[in-house]
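A short worksheet on the structure shown next.
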Amino acid sequence: MTSNSNLDPDNWDDFRTQAHQALDDAINHMQNRNNDPVWQPVPDDVRASLKSNLPLKGTPDDVLQDQMRETFLPYNVGNTHARFFGWVHGAGTPEGVIPEIYASAMNANLGGRDHVANEVEKQVIDWSRQMFSFPQGTAGLVVSGTSMASLIALKSAREKHGGLGLRATGVGGQKKPLVGYTSSETHSCIARTFDILGLGRDALRVIPTDADFRIDLDALRTAITRDISDGYQPFCLIGTAGSVNTGAIDPLEKLADIAQEFDLWLHIDGAFGALVILSDELKPRLKGIERAQSLAFDFHKWMHVNYDAGCVLVRDGEDQRAAFSERPDYLQAAHAGLAAGNPWFCEYGPELSRGFRALKVWYQISRFGTERLGAHIAKNCAHTAVFCARIKVMPDLELLAGTGLNITCLRYNPGGLDEAALDDLNENLTIELQLRGIAAPSTTQVGGRLAIRVNITNHRTEMADLEILLEQILLIGVELTD
Ligand SMILES: *Cc1c(COP(=O)(O)O)cnc(C)c1O
């Protein structure tokens, strides 16, 4: 039985000691991370230790801290390591721990009301607006990631084009069903958004791409005109700035022209690629992004804010508010006091209670500045270019896709194997690299072939890490074909 009548520490001095220990554990882990395997499977006994009955009684803090230090920290996904190249993960920063401590101490709820945390989020949204040269009047939210950001953006688009009446009636009774357009390289979160919004996945017309994995503009135009003559209502066009397979950037300026011509809402999924805006040398590739009606991107990928944090920007903030605002009596704002501070963030998205994600974003941008963050993005792209060039001259390696951003798709091909055997070989090679803790690329399909996919959204990766990867692909490749 504890002496306390509430959930605060019995003894604040003891708590302070425990908290300092936690911080030391965290720093030790982060400082030595590159000496550990990139990834290691969760051992059976650790998995077993996480299948217990619901605790009816509390456990001492030092026991829990030992458990977290010994059995959680080593078995992470691996994205904090210099040789993590899988999917698209940000690498995070040790500095990111600091704002999390303050945010946790404040335990703020950013749904609304009048307190400083909301001002921090407004600042982060305004910085994002400035980054992408969106106009005054832009609204936005700091959200969990690009999936949520795209959902919020496309709900705003649905109501803008289908009418606010949809909020009451749903989409069932449409005379002219709403349809949208995107390329076959678009992230799966867009089709899921169409599903969630009740439009259905089939209402998302999937347009093929050109040889560089960018949306085919002629096919797009043909699809739009056909839908119009068939009695559909085209309402949105989704472009990608940095596709998840190859890093391709759709021709954004041309998409903006087509959106204007057909009166479509242009939404850009810029989950990681939009951050290229922070590099003077690379940002011309995003020309046209400033004309979008909405933009979704992640702070947790190429800006290395610790998970999770993304952002939605909506050019005409009123469109976003109109799609979500719902203020019952108990949430009415007052002209002064704690219930002031209009408008409230809960009017701009589906969530009422919202944590203080904005603080770690504010801290990251303030601490490093956009120039330094942008320089790491440029470094990743420069390394990718060298990596691609190395692959091209290596006899047993084949470059399947490399579009000059940060993603390389390759395969080991010693000759004499059919396509099915090559697929198996490269799948197994990727798994071996992961199991041995050497590096963690992922796999994808490029033109029907299984590729080892190397994505660099990692400020810790150096050329030497990519050399190790190449060397090990060749070594393990030989081993697996012997
Ligand atoms: C990661 C990613 C998403 C999804 O973003 P989350 O932050 O994981 O929700 C969408 N599109 C692209 C291009 C991505 O890379």
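Ordering of the structure tokens sets the chain letters (A, B, ...), residue numbers begin anew at 1 in every chain, and ligands are numbered from 1 in the order given.
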
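Restricting the atom set to only C-alpha atoms and all ligand atoms, one finds that the residues within 7 Å of ligand 1 amount to Val88, Ser144, Gly145, Thr146, Ser147, Met148, Thr186, His187, Cys189, Thr240, Gly242, Ser243, Val244, Asp269, Gly270, Ala271, Phe272, Asp298 and Gly310 of chain A.
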
Find the spatial neighbours of Leu237 of chain A, counting only C-alpha atoms, within a cut-off of 7 Å - ignore same-chain residues fewer than 5 positions away - and output them as a PyMOL selection string. chain A and resi 180-182+259+264-267

Within 10 Å of Leu469 of chain A, counting only C-alpha atoms, which residues qualify if same-chain residues fewer than 3 places away don't, as a ChimeraX atom specification? /A:83,85,433,438-441,454,463-466,472-475

Please save N, CA, C and O atoms of the selected residues as a PDB file, in the first residue's frame.
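Result file result23.pdb:
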```
ATOM      1  N   ARG A  83      22.868   2.629 -41.049  1.00  0.00           N
ATOM      2  CA  ARG A  83      22.652   1.748 -42.198  1.00  0.00           C
ATOM      3  C   ARG A  83      21.222   1.214 -42.263  1.00  0.00           C
ATOM      4  O   ARG A  83      20.969   0.121 -42.731  1.00  0.00           O
ATOM      5  N   PHE A  85      18.011   1.531 -44.285  1.00  0.00           N
ATOM      6  CA  PHE A  85      17.618   2.064 -45.597  1.00  0.00           C
ATOM      7  C   PHE A  85      16.230   1.592 -46.016  1.00  0.00           C
ATOM      8  O   PHE A  85      15.868   1.694 -47.187  1.00  0.00           O
ATOM      9  N   LEU A 433      20.799  -9.594 -45.033  1.00  0.00           N
ATOM     10  CA  LEU A 433      21.391  -8.317 -44.601  1.00  0.00           C
ATOM     11  C   LEU A 433      20.747  -7.849 -43.302  1.00  0.00           C
ATOM     12  O   LEU A 433      21.421  -7.356 -42.399  1.00  0.00           O
ATOM     13  N   ILE A 438      23.589  -6.115 -40.514  1.00  0.00           N
ATOM     14  CA  ILE A 438      24.560  -5.314 -41.276  1.00  0.00           C
ATOM     15  C   ILE A 438      23.927  -4.043 -41.812  1.00  0.00           C
ATOM     16  O   ILE A 438      24.467  -2.946 -41.696  1.00  0.00           O
ATOM     17  N   ALA A 439      22.767  -4.198 -42.428  1.00  0.00           N
ATOM     18  CA  ALA A 439      22.076  -3.067 -43.043  1.00  0.00           C
ATOM     19  C   ALA A 439      20.614  -3.463 -43.185  1.00  0.00           C
ATOM     20  O   ALA A 439      20.285  -4.647 -43.165  1.00  0.00           O
ATOM     21  N   ALA A 440      19.759  -2.481 -43.320  1.00  0.00           N
ATOM     22  CA  ALA A 440      18.335  -2.789 -43.455  1.00  0.00           C
ATOM     23  C   ALA A 440      17.719  -2.060 -44.638  1.00  0.00           C
ATOM     24  O   ALA A 440      17.038  -1.049 -44.485  1.00  0.00           O
ATOM     25  N   PRO A 441      17.977  -2.559 -45.875  1.00  0.00           N
ATOM     26  CA  PRO A 441      17.174  -2.097 -47.003  1.00  0.00           C
ATOM     27  C   PRO A 441      15.830  -2.824 -46.976  1.00  0.00           C
ATOM     28  O   PRO A 441      15.633  -3.713 -46.143  1.00  0.00           O
ATOM     29  N   VAL A 454      16.908   0.809 -51.632  1.00  0.00           N
ATOM     30  CA  VAL A 454      17.758   1.514 -50.673  1.00  0.00           C
ATOM     31  C   VAL A 454      17.315   2.973 -50.616  1.00  0.00           C
ATOM     32  O   VAL A 454      17.513   3.740 -51.550  1.00  0.00           O
ATOM     33  N   MET A 463      29.034   7.843 -46.974  1.00  0.00           N
ATOM     34  CA  MET A 463      29.392   7.021 -48.127  1.00  0.00           C
ATOM     35  C   MET A 463      29.959   5.673 -47.686  1.00  0.00           C
ATOM     36  O   MET A 463      29.690   4.638 -48.314  1.00  0.00           O
ATOM     37  N   ALA A 464      30.709   5.672 -46.588  1.00  0.00           N
ATOM     38  CA  ALA A 464      31.303   4.416 -46.094  1.00  0.00           C
ATOM     39  C   ALA A 464      30.212   3.386 -45.761  1.00  0.00           C
ATOM     40  O   ALA A 464      30.412   2.182 -45.942  1.00  0.00           O
ATOM     41  N   ASP A 465      29.059   3.852 -45.293  1.00  0.00           N
ATOM     42  CA  ASP A 465      27.954   2.921 -44.985  1.00  0.00           C
ATOM     43  C   ASP A 465      27.425   2.284 -46.269  1.00  0.00           C
ATOM     44  O   ASP A 465      27.070   1.109 -46.289  1.00  0.00           O
ATOM     45  N   LEU A 466      27.402   3.068 -47.338  1.00  0.00           N
ATOM     46  CA  LEU A 466      26.912   2.540 -48.613  1.00  0.00           C
ATOM     47  C   LEU A 466      27.938   1.582 -49.231  1.00  0.00           C
ATOM     48  O   LEU A 466      27.564   0.613 -49.898  1.00  0.00           O
ATOM     49  N   GLN A 472      28.710  -6.103 -48.930  1.00  0.00           N
ATOM     50  CA  GLN A 472      27.972  -7.212 -48.314  1.00  0.00           C
ATOM     51  C   GLN A 472      26.931  -7.808 -49.267  1.00  0.00           C
ATOM     52  O   GLN A 472      26.664  -8.994 -49.209  1.00  0.00           O
ATOM     53  N   ILE A 473      26.358  -6.986 -50.134  1.00  0.00           N
ATOM     54  CA  ILE A 473      25.424  -7.530 -51.132  1.00  0.00           C
ATOM     55  C   ILE A 473      26.175  -8.529 -52.014  1.00  0.00           C
ATOM     56  O   ILE A 473      25.693  -9.633 -52.281  1.00  0.00           O
ATOM     57  N   LEU A 474      27.376  -8.158 -52.418  1.00  0.00           N
ATOM     58  CA  LEU A 474      28.154  -9.047 -53.290  1.00  0.00           C
ATOM     59  C   LEU A 474      28.589 -10.312 -52.550  1.00  0.00           C
ATOM     60  O   LEU A 474      28.472 -11.418 -53.075  1.00  0.00           O
ATOM     61  N   LEU A 475      29.044 -10.149 -51.309  1.00  0.00           N
ATOM     62  CA  LEU A 475      29.482 -11.312 -50.523  1.00  0.00           C
ATOM     63  C   LEU A 475      28.344 -12.291 -50.268  1.00  0.00           C
ATOM     64  O   LEU A 475      28.467 -13.494 -50.506  1.00  0.00           O
TER      65      LEU A 475
END
```

Which residues are close to segment 160-164 of chain A, i.e. within 10 Å by only C-alpha atoms, leaving aside same-chain residues fewer than 4 positions away? Reply as a count of residues only. 23

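The spacing separating atom CA of Gln40 of chain A from atom CA of Ala309 of chain A amounts to 25.8 Å.
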
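For Ser442 of chain A, the set of protein, DNA and RNA residues having any atom at most 9 Å away, when counting only C-alpha atoms and skipping those fewer than 4 positions along the same chain, is Phe85, Gly86, Trp87, Glu427, Thr430, Ile431, Gln434, Ala451, Ile452, Arg453, Val454 and Asn455 of chain A.
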
Save the residues we just selected, N, CA and C atoms, as a short mmCIF file (atom, residue, chain, number, x, y, z; two decimals), in the first residue's frame?
```cif
data_model
loop_
_atom_site.label_atom_id
_atom_site.label_comp_id
_atom_site.auth_asym_id
_atom_site.auth_seq_id
_atom_site.Cartn_x
_atom_site.Cartn_y
_atom_site.Cartn_z
N PHE A 85 18.01 1.53 -44.29
CA PHE A 85 17.62 2.06 -45.60
C PHE A 85 16.23 1.59 -46.02
N GLY A 86 15.46 1.02 -45.11
CA GLY A 86 14.19 0.41 -45.49
C GLY A 86 13.07 1.44 -45.60
N TRP A 87 12.08 1.14 -46.44
CA TRP A 87 10.88 1.95 -46.56
C TRP A 87 11.25 3.45 -46.58
N GLU A 427 15.30 -11.38 -52.63
CA GLU A 427 14.49 -11.36 -51.40
C GLU A 427 15.32 -11.93 -50.24
N THR A 430 18.18 -9.69 -49.12
CA THR A 430 17.72 -8.58 -48.28
C THR A 430 17.47 -9.07 -46.86
N ILE A 431 16.83 -10.23 -46.74
CA ILE A 431 16.55 -10.78 -45.41
C ILE A 431 17.86 -11.08 -44.67
N GLN A 434 19.43 -8.02 -43.22
CA GLN A 434 18.70 -7.59 -42.02
C GLN A 434 19.03 -8.50 -40.84
N ALA A 451 13.15 -5.88 -56.43
CA ALA A 451 14.33 -5.03 -56.28
C ALA A 451 14.69 -4.89 -54.81
N ILE A 452 15.99 -4.78 -54.55
CA ILE A 452 16.46 -4.35 -53.24
C ILE A 452 16.35 -2.83 -53.26
N ARG A 453 15.60 -2.29 -52.31
CA ARG A 453 15.32 -0.86 -52.35
C ARG A 453 16.09 -0.16 -51.23
N VAL A 454 16.91 0.81 -51.63
CA VAL A 454 17.76 1.51 -50.67
C VAL A 454 17.31 2.97 -50.62
N ASN A 455 16.66 3.31 -49.52
CA ASN A 455 16.16 4.67 -49.33
C ASN A 455 17.06 5.36 -48.30
#
```

Where in segment 180-236 of chain A does DSSP assign strand (DSSP E or B), given as a PDB file with N, CA, C and O atoms, in the first residue's frame?
```pdb
ATOM      1  N   GLY A 180     -11.646  11.178 -58.540  1.00  0.00           N
ATOM      2  CA  GLY A 180     -10.343  11.846 -58.451  1.00  0.00           C
ATOM      3  C   GLY A 180      -9.295  11.074 -59.227  1.00  0.00           C
ATOM      4  O   GLY A 180      -9.544   9.947 -59.686  1.00  0.00           O
ATOM      5  N   TYR A 181      -8.108  11.648 -59.358  1.00  0.00           N
ATOM      6  CA  TYR A 181      -7.064  11.111 -60.235  1.00  0.00           C
ATOM      7  C   TYR A 181      -5.716  11.103 -59.535  1.00  0.00           C
ATOM      8  O   TYR A 181      -5.363  12.057 -58.840  1.00  0.00           O
ATOM      9  N   THR A 182      -4.985  10.037 -59.772  1.00  0.00           N
ATOM     10  CA  THR A 182      -3.623   9.975 -59.264  1.00  0.00           C
ATOM     11  C   THR A 182      -2.851   8.948 -60.071  1.00  0.00           C
ATOM     12  O   THR A 182      -3.427   8.261 -60.922  1.00  0.00           O
ATOM     13  N   SER A 183      -1.559   8.808 -59.832  1.00  0.00           N
ATOM     14  CA  SER A 183      -0.776   7.864 -60.633  1.00  0.00           C
ATOM     15  C   SER A 183      -0.673   6.509 -59.937  1.00  0.00           C
ATOM     16  O   SER A 183      -0.950   6.375 -58.748  1.00  0.00           O
ATOM     17  N   LEU A 204     -11.178   6.553 -57.340  1.00  0.00           N
ATOM     18  CA  LEU A 204      -9.831   7.072 -57.555  1.00  0.00           C
ATOM     19  C   LEU A 204      -9.294   6.451 -58.844  1.00  0.00           C
ATOM     20  O   LEU A 204      -9.009   5.258 -58.905  1.00  0.00           O
ATOM     21  N   ARG A 205      -9.212   7.251 -59.883  1.00  0.00           N
ATOM     22  CA  ARG A 205      -8.748   6.757 -61.186  1.00  0.00           C
ATOM     23  C   ARG A 205      -7.231   6.689 -61.153  1.00  0.00           C
ATOM     24  O   ARG A 205      -6.572   7.706 -60.911  1.00  0.00           O
ATOM     25  N   VAL A 206      -6.708   5.507 -61.406  1.00  0.00           N
ATOM     26  CA  VAL A 206      -5.266   5.301 -61.311  1.00  0.00           C
ATOM     27  C   VAL A 206      -4.639   5.408 -62.704  1.00  0.00           C
ATOM     28  O   VAL A 206      -4.894   4.597 -63.583  1.00  0.00           O
ATOM     29  N   ILE A 207      -3.836   6.442 -62.889  1.00  0.00           N
ATOM     30  CA  ILE A 207      -3.254   6.772 -64.197  1.00  0.00           C
ATOM     31  C   ILE A 207      -1.849   6.174 -64.293  1.00  0.00           C
ATOM     32  O   ILE A 207      -1.081   6.257 -63.329  1.00  0.00           O
ATOM     33  N   THR A 209       2.169   5.637 -65.442  1.00  0.00           N
ATOM     34  CA  THR A 209       3.285   6.590 -65.386  1.00  0.00           C
ATOM     35  C   THR A 209       4.170   6.447 -66.622  1.00  0.00           C
ATOM     36  O   THR A 209       4.089   5.464 -67.348  1.00  0.00           O
ATOM     37  N   ILE A 215       3.473  10.676 -63.416  1.00  0.00           N
ATOM     38  CA  ILE A 215       2.141  10.505 -63.997  1.00  0.00           C
ATOM     39  C   ILE A 215       2.162  10.874 -65.486  1.00  0.00           C
ATOM     40  O   ILE A 215       2.776  11.868 -65.884  1.00  0.00           O
ATOM     41  N   GLN A 233     -18.281  13.579 -61.777  1.00  0.00           N
ATOM     42  CA  GLN A 233     -17.784  14.903 -61.427  1.00  0.00           C
ATOM     43  C   GLN A 233     -16.344  14.812 -60.929  1.00  0.00           C
ATOM     44  O   GLN A 233     -16.096  14.516 -59.753  1.00  0.00           O
ATOM     45  N   PRO A 234     -15.390  15.072 -61.805  1.00  0.00           N
ATOM     46  CA  PRO A 234     -13.989  15.085 -61.348  1.00  0.00           C
ATOM     47  C   PRO A 234     -13.818  16.196 -60.318  1.00  0.00           C
ATOM     48  O   PRO A 234     -14.278  17.321 -60.551  1.00  0.00           O
ATOM     49  N   PHE A 235     -13.204  15.873 -59.175  1.00  0.00           N
ATOM     50  CA  PHE A 235     -13.071  16.923 -58.151  1.00  0.00           C
ATOM     51  C   PHE A 235     -11.656  17.099 -57.637  1.00  0.00           C
ATOM     52  O   PHE A 235     -11.320  18.141 -57.106  1.00  0.00           O
ATOM     53  N   CYS A 236     -10.808  16.082 -57.774  1.00  0.00           N
ATOM     54  CA  CYS A 236      -9.465  16.288 -57.229  1.00  0.00           C
ATOM     55  C   CYS A 236      -8.419  15.532 -58.029  1.00  0.00           C
ATOM     56  O   CYS A 236      -8.708  14.556 -58.724  1.00  0.00           O
TER      57      CYS A 236
END
```
